[in-house]
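Student: Please find one structure pasted underneath; my questions will follow.
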Amino acid sequence: MSKLTLSKALNEGLRRALEADPKVMIMGEDVGKLGGVFRVTDGLQKDFGEHRVVDTPLAESGIIGTAIGLALRGYRPVCEIQFDGFVFPATDQIISQLAKMRYRSRGKISLPVVIRIPCGGGIGAVEHHSESPEAYFTHAAGLRVVACADAADAYSMIQLAIASDDPVIFFEPKRRYWDKGEVDTTAPLDSAQPLDRARVVLAGTDVTLLSYGPLVRTCVEAAMAVARERSVEVIDLRSLSPLDMATIGESVRRTGRCVVAHEAPVYSGLGAEIAARVTEACFYHLEAPVLRVGGFATPYPPSRLEEHYLPDLDRILDGVDRAFSY
Amino acid sequence: MTETGLIQLLTPEGERVDNPAYPLDEAADIKGMYRDMVLVRRIDTEAIALQRHGELGLWASLLGQEAAQIGSGRALTPKDMAFPSYREHGVAWCRGLDPLRLLELFRGVSNGSWDPEEHKFHLYTIVIGDQTLHATGYAMGIQRDAAEDEAVIVYFGDGATSQGDVSEAFAWASVFNAPVVFFCQNNQWAISAPQDRQSRVPLYQRASGFGFPGVRVDGNDVLACHAVTRRALQAAREGQGPTLIEAYTYRMGAHTTTDDPTRYRLASDVEVWRLRDPIERVRSYLARSGQADSTFFAAIDAEANELGERIREGCRTLPDPAPLELFDHVYAGGSAILDDERERYAAYLESFEQTDTALEEAGL
Ligand SMILES: Cc1ncc(C[n+]2csc(CCOP(=O)(O)OP(=O)(O)O)c2C)c(N)n1
Ligand SMILES: [Mg+2]
């Protein structure tokens, strides 16, 4: 066990994947010499060379389009999109090509491309550096969409994503990059929790609080803050698409209440899909409607307003309280 | 022209050189350009310091690019429209924008509070390359309005030339013969990526494949940048279509205040460019040719000090937006969903105030 930041845990996971499979490559803007703007790929080019860790031209569509070509040729590219707000130039390649290739080819073609995206707000950044674009991608069948929340999970999840034969959109909570956690870098990968499973982070009996990425920690803090009055079960979804409805349903049927929290706008966000599914699957067990806490139906605001936009501990607890007011 | 094809009117040592294709505009206000460059450098220095003191979240420095921006910015007429990326503080200055409007972006109190039409200066665009298409479309509008005294200029970097949108803008501007000048500041870096990661040919040569002229100008020579841009804008207004100008310069500072360039470039490379400083050469020229004396330079320095003070003070007192402003201006006509969210959030904020008051009254 060693104590690593989330950023360093990803770095170690990438290193291990590069060591394990000569077909694994890393590509993106500033990932080589600089080691990425968040240093997630620090030192990898030095150790694995410029053919395997590639500083690309400044073009996101190019990054994903060529990654598709490399994957057709048997490589397993791990692409970095520098910030959430800069994935959009690549969406044509992701949605029209990457997501659909297996289906179109009746299963003959696999595109094991991983797209790492630092996501979310809370770092006081300028425009386009604090977005939560996951719902655009969960809407595209054929993509696996996952989000890591802490160092230990990040370490294994990135390796599982690379090993997956499906394309994976891999969200990294940028404001948690410097959070430290115990990581067992010696554990074999097959002992890790599968990529498509949710994880109960904190067991509870009164209400199920679902989240992912940067807000998992906030949810745990919220649950602990009210632990004397309420027993809150916190679940880290990990896989945003497909959803692990088995774990979610089991929990909600026990607690009878469900709140979903994410930074992305509530309107047409992932919480809407979860709320609808939980309502269908657990209708007779529910004591209250499934409630959502998240960003507003506005663009991400200038950073001096982000504390109002982002759900914090109080707003999450407000959502939890509302679940008890029916 | 120098041996490298670089158009230059003033050498790094401050010697005037003639270029028959670009005769020096007799009316060119060289002292005014000097003043502008000194003042925008001061804005930059102050902004970096303000960031260090936590007053700004970030700053993208223009250090080293003053001549490219002031030379081209001063070539614009009041009717010309400019589309910046995010580093064009010098062009903003030429368009009469209060520097505090820029600081607001980096402080996080606004995403763009000026009226682009009033200043003929569009909002900053952070997503690399997007604005080149906007500029082209704007220029197509000028064609349709038969506004023959207007042209458009769009700023972007060497890194941006790899974006698909930029190639698309070149294609569109070319086939529609749009009155737009593509002004690429090749500062040789896109964060850590050197210019050869974007192109194997000098960037100005890209234009020929699209069917319009491209020129490379010494981006640290304010006179040359001015002359070349003036001519390209004039050609655009006269119906001769787009020009690509590659202003060959150097990013003297970090990419932004969060960047650490020691990880990817040598200090000695930066030193070479220090000798080509855009401001020093004008100063030598003005002094040597007797156009300015120490009184002039001292007056500009004093003006820079005043500006610096105004910026420091102004930045610190920029008000934060009110929380409920979050919900404004999403739609022209508003929306019931937003109204509902605003109302609920107002009530939520209110509930804290009530709790605070209650606690106070209870003496807690
Ligand atoms: C579409 C997009 N991808 C990535 C980024 C992150 N980014 C910001 S600036 C930059 C480099 C830009 O280089 P260049 O075009 O040369 O302009 P310069 O910063 O040198 O002025 C990058 C990659 C971005 N803003 N937009
Ligand atoms: Mg550049």
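Within each chain, counting starts at residue 1; across the structure tokens, chains are named A, B, ... in the order shown, with ligands numbered 1 upward in that order.
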Produce a table with one row for each residue of chain B that has an atom at most 8 Å from any atom of ligand 2, each row naming the nearest atom pair and its distance in Å at one decimal; use only C-alpha atoms and all ligand atoms; arrange rows by chain and rising residue number; format as CSV.
Tutor:
```
residue,atom,partner,partner_atom_place_in_ligand_line,distance
B:Gly157,CA,ligand 2,1 (Mg),4.5
B:Asp158,CA,ligand 2,1 (Mg),4.6
B:Gly159,CA,ligand 2,1 (Mg),5.3
B:Ala160,CA,ligand 2,1 (Mg),7.7
B:Gln185,CA,ligand 2,1 (Mg),6.8
B:Asn186,CA,ligand 2,1 (Mg),5.5
B:Asn187,CA,ligand 2,1 (Mg),4.6
B:Gln188,CA,ligand 2,1 (Mg),5.3
B:Trp189,CA,ligand 2,1 (Mg),4.1
B:Ala190,CA,ligand 2,1 (Mg),4.2
B:Ile191,CA,ligand 2,1 (Mg),7.1
B:Gln195,CA,ligand 2,1 (Mg),7.5
B:Arg251,CA,ligand 2,1 (Mg),7.1
```
Student: Identify every residue of chain A that has at least one atom within 6 Å of any atom of chain B, counting only C-alpha atoms, and report the result as a PyMOL selection string.
Tutor: chain A and resi 30+34+57-59+302-304
Student: Output N, CA, C and O atoms for every residue in that selection, as a PDB file, in the first residue's frame.
Tutor:
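Written output follows (part39.pdb):
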```pdb
ATOM      1  N   ASP A  30       0.140  17.865 -25.042  1.00  0.00           N
ATOM      2  CA  ASP A  30       1.022  18.128 -23.903  1.00  0.00           C
ATOM      3  C   ASP A  30       1.174  16.943 -22.947  1.00  0.00           C
ATOM      4  O   ASP A  30       1.541  17.128 -21.791  1.00  0.00           O
ATOM      5  N   LEU A  34       5.640  17.548 -21.174  1.00  0.00           N
ATOM      6  CA  LEU A  34       5.058  18.264 -20.037  1.00  0.00           C
ATOM      7  C   LEU A  34       4.443  17.298 -19.026  1.00  0.00           C
ATOM      8  O   LEU A  34       4.328  17.615 -17.848  1.00  0.00           O
ATOM      9  N   PRO A  57      -0.568  17.007 -32.481  1.00  0.00           N
ATOM     10  CA  PRO A  57      -0.960  18.360 -32.874  1.00  0.00           C
ATOM     11  C   PRO A  57      -2.215  18.776 -32.097  1.00  0.00           C
ATOM     12  O   PRO A  57      -2.904  17.929 -31.522  1.00  0.00           O
ATOM     13  N   LEU A  58      -2.495  20.067 -32.143  1.00  0.00           N
ATOM     14  CA  LEU A  58      -3.620  20.594 -31.353  1.00  0.00           C
ATOM     15  C   LEU A  58      -4.930  20.386 -32.113  1.00  0.00           C
ATOM     16  O   LEU A  58      -5.394  21.277 -32.833  1.00  0.00           O
ATOM     17  N   ALA A  59      -5.507  19.221 -31.995  1.00  0.00           N
ATOM     18  CA  ALA A  59      -6.721  18.920 -32.753  1.00  0.00           C
ATOM     19  C   ALA A  59      -7.415  17.715 -32.141  1.00  0.00           C
ATOM     20  O   ALA A  59      -6.952  16.580 -32.283  1.00  0.00           O
ATOM     21  N   PRO A 302     -19.399  32.088 -14.545  1.00  0.00           N
ATOM     22  CA  PRO A 302     -18.061  32.573 -14.186  1.00  0.00           C
ATOM     23  C   PRO A 302     -17.685  32.035 -12.809  1.00  0.00           C
ATOM     24  O   PRO A 302     -18.550  31.843 -11.947  1.00  0.00           O
ATOM     25  N   SER A 303     -16.397  31.816 -12.604  1.00  0.00           N
ATOM     26  CA  SER A 303     -15.993  31.023 -11.431  1.00  0.00           C
ATOM     27  C   SER A 303     -16.386  31.637 -10.088  1.00  0.00           C
ATOM     28  O   SER A 303     -16.573  30.918  -9.114  1.00  0.00           O
ATOM     29  N   ARG A 304     -16.544  32.957 -10.040  1.00  0.00           N
ATOM     30  CA  ARG A 304     -16.947  33.553  -8.759  1.00  0.00           C
ATOM     31  C   ARG A 304     -18.371  33.171  -8.365  1.00  0.00           C
ATOM     32  O   ARG A 304     -18.813  33.471  -7.258  1.00  0.00           O
TER      33      ARG A 304
END
```
Student: Considering only C-alpha atoms, return as a ChimeraX atom specification whatever protein or nucleic-acid residues lie within 12 Å of A:Glu273, sequence-local ones (same chain, fewer than 6 positions apart) excluded.
Tutor: /A:135,138-139,240-243,245,260,266-267,279-280,290-292
Student: Could you check the closest approach to ligand 1 for each of A:Ile95, A:Val37, A:Leu313, A:Val113 and tell me which residue wins, using only C-alpha atoms and all ligand atoms?
Tutor: A:Val37
Student: Residues at most 9 Å from stretch 156-162 of chain A, counting only C-alpha atoms, excluding those fewer than 3 positions away in the same chain, as a PyMOL selection string?
Tutor: chain A and resi 9-10+13-14+16-17+24+76-78+112-114+116+144+146-148+151-153+165-170+185+189-190+192-195+238
